[in-house]
Amino acid sequence: MSEDQKSVHEKFNEVFKALGTNAYQVSKRLGLSRADKYYKIEKGQAKPSFETLSEIIHLYPRVNANYYFKDDVPMFEEGSEIYSTQPNSIQSLRIKHLEQKIAMLEAQNQELIQQLETYQKE
């Protein structure tokens with residue numbers, strides 16, 4: 001990782017800060033009895049799973065899923081059309097959500113390919 005690249009837990013913390021939330025509040029909104037998972041991620045003791053990132057993106061649809069996986073990507077989706085009062089805004093939100101899921105699955109696929117290649121070399 002180069003100096004200008006941020007770790008996923010640093011990005012995780014930045015997103016929470018930008019959203020004005022914390023591990024406890026997110027856990028509470030998700031109906032979890034404990035916030036341990038999110039505290040460990042904040043402290044860099046654990047990496048967020050794709051399920052965890054999906055939970056955050058589901059709670060906060062403006063969060064750009066690609067922000068966690070790529071550098072030079074905005075933290076939030078550009079534009080505010082997903083919050084408009086136009087009839088197609090729900091459809092736009094669903095499309096954005098599906099695009100984020102695709103991005104997360106593509107990143108997960110790349111990680112699995114790398115793991116497979118590592119195992120094949122052993």
# chains A, B, ... in the order shown; residues from 1 in each chain; ligands from 1
>>> closest_atom_pairs(of="stretch 18-46 of chain A", to="stretch 51-62 of chain A", cutoff="9 Å", atoms="only C-alpha atoms", output="tab-separated table")
residue	atom	partner	partner_atom	distance
A:Leu19	CA	A:Tyr60	CA	8.4
A:Val26	CA	A:Ile56	CA	7.9
A:Arg29	CA	A:Leu59	CA	8.2
A:Leu30	CA	A:Glu55	CA	8.0
A:Lys37	CA	A:Thr52	CA	8.8
A:Tyr38	CA	A:Thr52	CA	8.6
>>> closest_atom_pairs(of="stretch 11-71 of chain A", to="stretch 104-113 of chain A", cutoff="8 Å", atoms="only C-alpha atoms", output="Markdown table")
| residue | atom | partner | partner_atom | distance |
| --- | --- | --- | --- | --- |
| A:Phe50 | CA | A:Met104 | CA | 6.8 |
| A:Ala65 | CA | A:Met104 | CA | 6.7 |
| A:Asn66 | CA | A:Met104 | CA | 7.5 |
| A:Phe69 | CA | A:Ala107 | CA | 7.1 |
>>> atom_distance(atom1="atom CA of A:Lys28", atom2="atom CA of A:Ala103")
26.4 Å
>>> residues_around(residues="A:Tyr39", least_positions_apart="3", cutoff="12 Å", atoms="only C-alpha atoms", output="JSON list (two decimals) with all heavy atoms, in the first residue's frame")
[["chain", "number", "residue", "atom", "x", "y", "z"],
["A", 9, "HIS", "N", -10.05, 0.33, 6.86],
["A", 9, "HIS", "CA", -10.58, 0.80, 8.15],
["A", 9, "HIS", "C", -10.47, 2.32, 8.26],
["A", 9, "HIS", "O", -11.33, 2.95, 8.87],
["A", 9, "HIS", "CB", -9.95, 0.07, 9.34],
["A", 9, "HIS", "CG", -8.65, 0.61, 9.83],
["A", 9, "HIS", "ND1", -7.45, 0.16, 9.37],
["A", 9, "HIS", "CD2", -8.38, 1.56, 10.74],
["A", 9, "HIS", "CE1", -6.48, 0.82, 9.98],
["A", 9, "HIS", "NE2", -7.02, 1.68, 10.81],
["A", 12, "PHE", "N", -13.41, 3.48, 6.34],
["A", 12, "PHE", "CA", -14.59, 3.16, 7.14],
["A", 12, "PHE", "C", -14.81, 4.28, 8.17],
["A", 12, "PHE", "O", -15.92, 4.79, 8.34],
["A", 12, "PHE", "CB", -14.35, 1.82, 7.83],
["A", 12, "PHE", "CG", -15.56, 1.15, 8.40],
["A", 12, "PHE", "CD1", -16.38, 0.38, 7.60],
["A", 12, "PHE", "CD2", -15.87, 1.26, 9.75],
["A", 12, "PHE", "CE1", -17.49, -0.26, 8.12],
["A", 12, "PHE", "CE2", -16.97, 0.62, 10.28],
["A", 12, "PHE", "CZ", -17.78, -0.14, 9.46],
["A", 13, "ASN", "N", -13.73, 4.67, 8.86],
["A", 13, "ASN", "CA", -13.81, 5.74, 9.85],
["A", 13, "ASN", "C", -14.18, 7.07, 9.21],
["A", 13, "ASN", "O", -14.96, 7.85, 9.78],
["A", 13, "ASN", "CB", -12.48, 5.88, 10.61],
["A", 13, "ASN", "CG", -12.28, 4.76, 11.60],
["A", 13, "ASN", "OD1", -13.22, 4.20, 12.14],
["A", 13, "ASN", "ND2", -11.03, 4.41, 11.82],
["A", 16, "PHE", "N", -17.93, 7.11, 8.52],
["A", 16, "PHE", "CA", -18.69, 7.34, 9.76],
["A", 16, "PHE", "C", -18.61, 8.80, 10.17],
["A", 16, "PHE", "O", -19.62, 9.40, 10.54],
["A", 16, "PHE", "CB", -18.16, 6.46, 10.89],
["A", 16, "PHE", "CG", -18.75, 5.07, 10.93],
["A", 16, "PHE", "CD1", -19.42, 4.53, 9.85],
["A", 16, "PHE", "CD2", -18.62, 4.30, 12.06],
["A", 16, "PHE", "CE1", -19.96, 3.26, 9.90],
["A", 16, "PHE", "CE2", -19.16, 3.03, 12.13],
["A", 16, "PHE", "CZ", -19.83, 2.50, 11.05],
["A", 22, "ASN", "N", -21.42, 6.79, 14.48],
["A", 22, "ASN", "CA", -20.35, 5.98, 15.07],
["A", 22, "ASN", "C", -20.80, 4.52, 15.12],
["A", 22, "ASN", "O", -21.92, 4.19, 14.76],
["A", 22, "ASN", "CB", -19.98, 6.51, 16.46],
["A", 22, "ASN", "CG", -21.14, 6.51, 17.42],
["A", 22, "ASN", "OD1", -21.94, 5.57, 17.45],
["A", 22, "ASN", "ND2", -21.26, 7.55, 18.22],
["A", 23, "ALA", "N", -19.89, 3.67, 15.59],
["A", 23, "ALA", "CA", -20.16, 2.23, 15.63],
["A", 23, "ALA", "C", -21.41, 1.90, 16.44],
["A", 23, "ALA", "O", -22.24, 1.09, 16.03],
["A", 23, "ALA", "CB", -18.95, 1.50, 16.20],
["A", 24, "TYR", "N", -21.56, 2.55, 17.58],
["A", 24, "TYR", "CA", -22.72, 2.28, 18.43],
["A", 24, "TYR", "C", -24.02, 2.63, 17.72],
["A", 24, "TYR", "O", -24.98, 1.85, 17.72],
["A", 24, "TYR", "CB", -22.60, 3.05, 19.75],
["A", 24, "TYR", "CG", -23.84, 2.92, 20.61],
["A", 24, "TYR", "CD1", -24.08, 1.76, 21.33],
["A", 24, "TYR", "CD2", -24.78, 3.94, 20.66],
["A", 24, "TYR", "CE1", -25.22, 1.62, 22.10],
["A", 24, "TYR", "CE2", -25.93, 3.82, 21.43],
["A", 24, "TYR", "CZ", -26.14, 2.65, 22.13],
["A", 24, "TYR", "OH", -27.28, 2.51, 22.88],
["A", 25, "GLN", "N", -24.08, 3.82, 17.11],
["A", 25, "GLN", "CA", -25.31, 4.27, 16.45],
["A", 25, "GLN", "C", -25.67, 3.38, 15.27],
["A", 25, "GLN", "O", -26.85, 3.04, 15.08],
["A", 25, "GLN", "CB", -25.16, 5.72, 16.00],
["A", 25, "GLN", "CG", -25.10, 6.70, 17.16],
["A", 25, "GLN", "CD", -24.74, 8.11, 16.70],
["A", 25, "GLN", "OE1", -24.12, 8.31, 15.66],
["A", 25, "GLN", "NE2", -25.12, 9.09, 17.51],
["A", 26, "VAL", "N", -24.67, 2.99, 14.50],
["A", 26, "VAL", "CA", -24.94, 2.11, 13.35],
["A", 26, "VAL", "C", -25.45, 0.76, 13.84],
["A", 26, "VAL", "O", -26.44, 0.23, 13.32],
["A", 26, "VAL", "CB", -23.68, 1.95, 12.47],
["A", 26, "VAL", "CG1", -23.87, 0.86, 11.44],
["A", 26, "VAL", "CG2", -23.35, 3.28, 11.78],
["A", 27, "SER", "N", -24.80, 0.22, 14.85],
["A", 27, "SER", "CA", -25.24, -1.07, 15.40],
["A", 27, "SER", "C", -26.67, -1.00, 15.91],
["A", 27, "SER", "O", -27.46, -1.92, 15.70],
["A", 27, "SER", "CB", -24.30, -1.50, 16.53],
["A", 27, "SER", "OG", -23.01, -1.70, 16.03],
["A", 34, "ARG", "N", -24.81, -5.55, 20.20],
["A", 34, "ARG", "CA", -23.44, -5.11, 20.51],
["A", 34, "ARG", "C", -22.82, -4.47, 19.27],
["A", 34, "ARG", "O", -23.15, -4.82, 18.16],
["A", 34, "ARG", "CB", -22.60, -6.30, 20.95],
["A", 34, "ARG", "CG", -23.15, -6.97, 22.21],
["A", 34, "ARG", "CD", -22.39, -8.17, 22.56],
["A", 34, "ARG", "NE", -21.00, -7.77, 22.82],
["A", 34, "ARG", "CZ", -20.16, -8.45, 23.55],
["A", 34, "ARG", "NH1", -20.56, -9.56, 24.11],
["A", 34, "ARG", "NH2", -18.93, -8.04, 23.75],
["A", 35, "ALA", "N", -21.89, -3.58, 19.52],
["A", 35, "ALA", "CA", -21.21, -2.87, 18.42],
["A", 35, "ALA", "C", -19.79, -3.35, 18.22],
["A", 35, "ALA", "O", -19.01, -2.71, 17.53],
["A", 35, "ALA", "CB", -21.23, -1.37, 18.71],
["A", 36, "ASP", "N", -19.44, -4.50, 18.79],
["A", 36, "ASP", "CA", -18.06, -5.00, 18.75],
["A", 36, "ASP", "C", -17.49, -5.06, 17.33],
["A", 36, "ASP", "O", -16.35, -4.66, 17.09],
["A", 36, "ASP", "CB", -17.97, -6.40, 19.37],
["A", 36, "ASP", "CG", -18.26, -6.41, 20.85],
["A", 36, "ASP", "OD1", -18.36, -5.31, 21.44],
["A", 36, "ASP", "OD2", -18.40, -7.50, 21.41],
["A", 42, "GLU", "N", -13.21, -0.06, 13.22],
["A", 42, "GLU", "CA", -12.74, 1.31, 13.44],
["A", 42, "GLU", "C", -11.30, 1.33, 13.94],
["A", 42, "GLU", "O", -10.51, 2.18, 13.55],
["A", 42, "GLU", "CB", -13.63, 2.03, 14.46],
["A", 42, "GLU", "CG", -14.94, 2.50, 13.92],
["A", 42, "GLU", "CD", -15.76, 3.23, 14.97],
["A", 42, "GLU", "OE1", -15.69, 2.88, 16.17],
["A", 42, "GLU", "OE2", -16.47, 4.16, 14.59],
["A", 43, "LYS", "N", -10.96, 0.38, 14.81],
["A", 43, "LYS", "CA", -9.63, 0.34, 15.41],
["A", 43, "LYS", "C", -8.61, -0.36, 14.52],
["A", 43, "LYS", "O", -7.44, -0.42, 14.86],
["A", 43, "LYS", "CB", -9.69, -0.36, 16.76],
["A", 43, "LYS", "CG", -10.48, 0.41, 17.79],
["A", 43, "LYS", "CD", -10.57, -0.37, 19.08],
["A", 43, "LYS", "CE", -11.41, 0.37, 20.10],
["A", 43, "LYS", "NZ", -11.58, -0.41, 21.34],
["A", 44, "GLY", "N", -9.04, -0.92, 13.40],
["A", 44, "GLY", "CA", -8.12, -1.62, 12.51],
["A", 44, "GLY", "C", -7.81, -3.03, 12.96],
["A", 44, "GLY", "O", -6.89, -3.65, 12.46],
["A", 45, "GLN", "N", -8.60, -3.57, 13.89],
["A", 45, "GLN", "CA", -8.38, -4.92, 14.40],
["A", 45, "GLN", "C", -9.04, -5.98, 13.53],
["A", 45, "GLN", "O", -8.75, -7.16, 13.67],
["A", 45, "GLN", "CB", -8.90, -5.03, 15.83],
["A", 45, "GLN", "CG", -8.17, -4.13, 16.80],
["A", 45, "GLN", "CD", -8.83, -4.10, 18.18],
["A", 45, "GLN", "OE1", -9.98, -4.51, 18.33],
["A", 45, "GLN", "NE2", -8.11, -3.59, 19.15],
["A", 46, "ALA", "N", -9.93, -5.55, 12.65],
["A", 46, "ALA", "CA", -10.63, -6.47, 11.76],
["A", 46, "ALA", "C", -10.98, -5.72, 10.48],
["A", 46, "ALA", "O", -11.16, -4.51, 10.49],
["A", 46, "ALA", "CB", -11.91, -7.00, 12.41],
["A", 47, "LYS", "N", -11.05, -6.48, 9.39],
["A", 47, "LYS", "CA", -11.48, -5.89, 8.13],
["A", 47, "LYS", "C", -12.98, -6.08, 8.00],
["A", 47, "LYS", "O", -13.52, -7.10, 8.40],
["A", 47, "LYS", "CB", -10.79, -6.57, 6.94],
["A", 47, "LYS", "CG", -9.33, -6.24, 6.83],
["A", 47, "LYS", "CD", -8.76, -6.86, 5.58],
["A", 47, "LYS", "CE", -7.29, -6.52, 5.44],
["A", 47, "LYS", "NZ", -6.73, -7.12, 4.24],
["A", 48, "PRO", "N", -13.66, -5.08, 7.42],
["A", 48, "PRO", "CA", -15.11, -5.26, 7.24],
["A", 48, "PRO", "C", -15.39, -6.30, 6.17],
["A", 48, "PRO", "O", -14.71, -6.35, 5.15],
["A", 48, "PRO", "CB", -15.58, -3.87, 6.80],
["A", 48, "PRO", "CG", -14.38, -3.22, 6.21],
["A", 48, "PRO", "CD", -13.19, -3.79, 6.93]]
>>> select_by_dssp(residues="chain A", states="helix (DSSP H, G or I)", output="PyMOL selection string")
chain A and resi 8-19+23-29+36-42+50-59+65-68+81-83+89-121
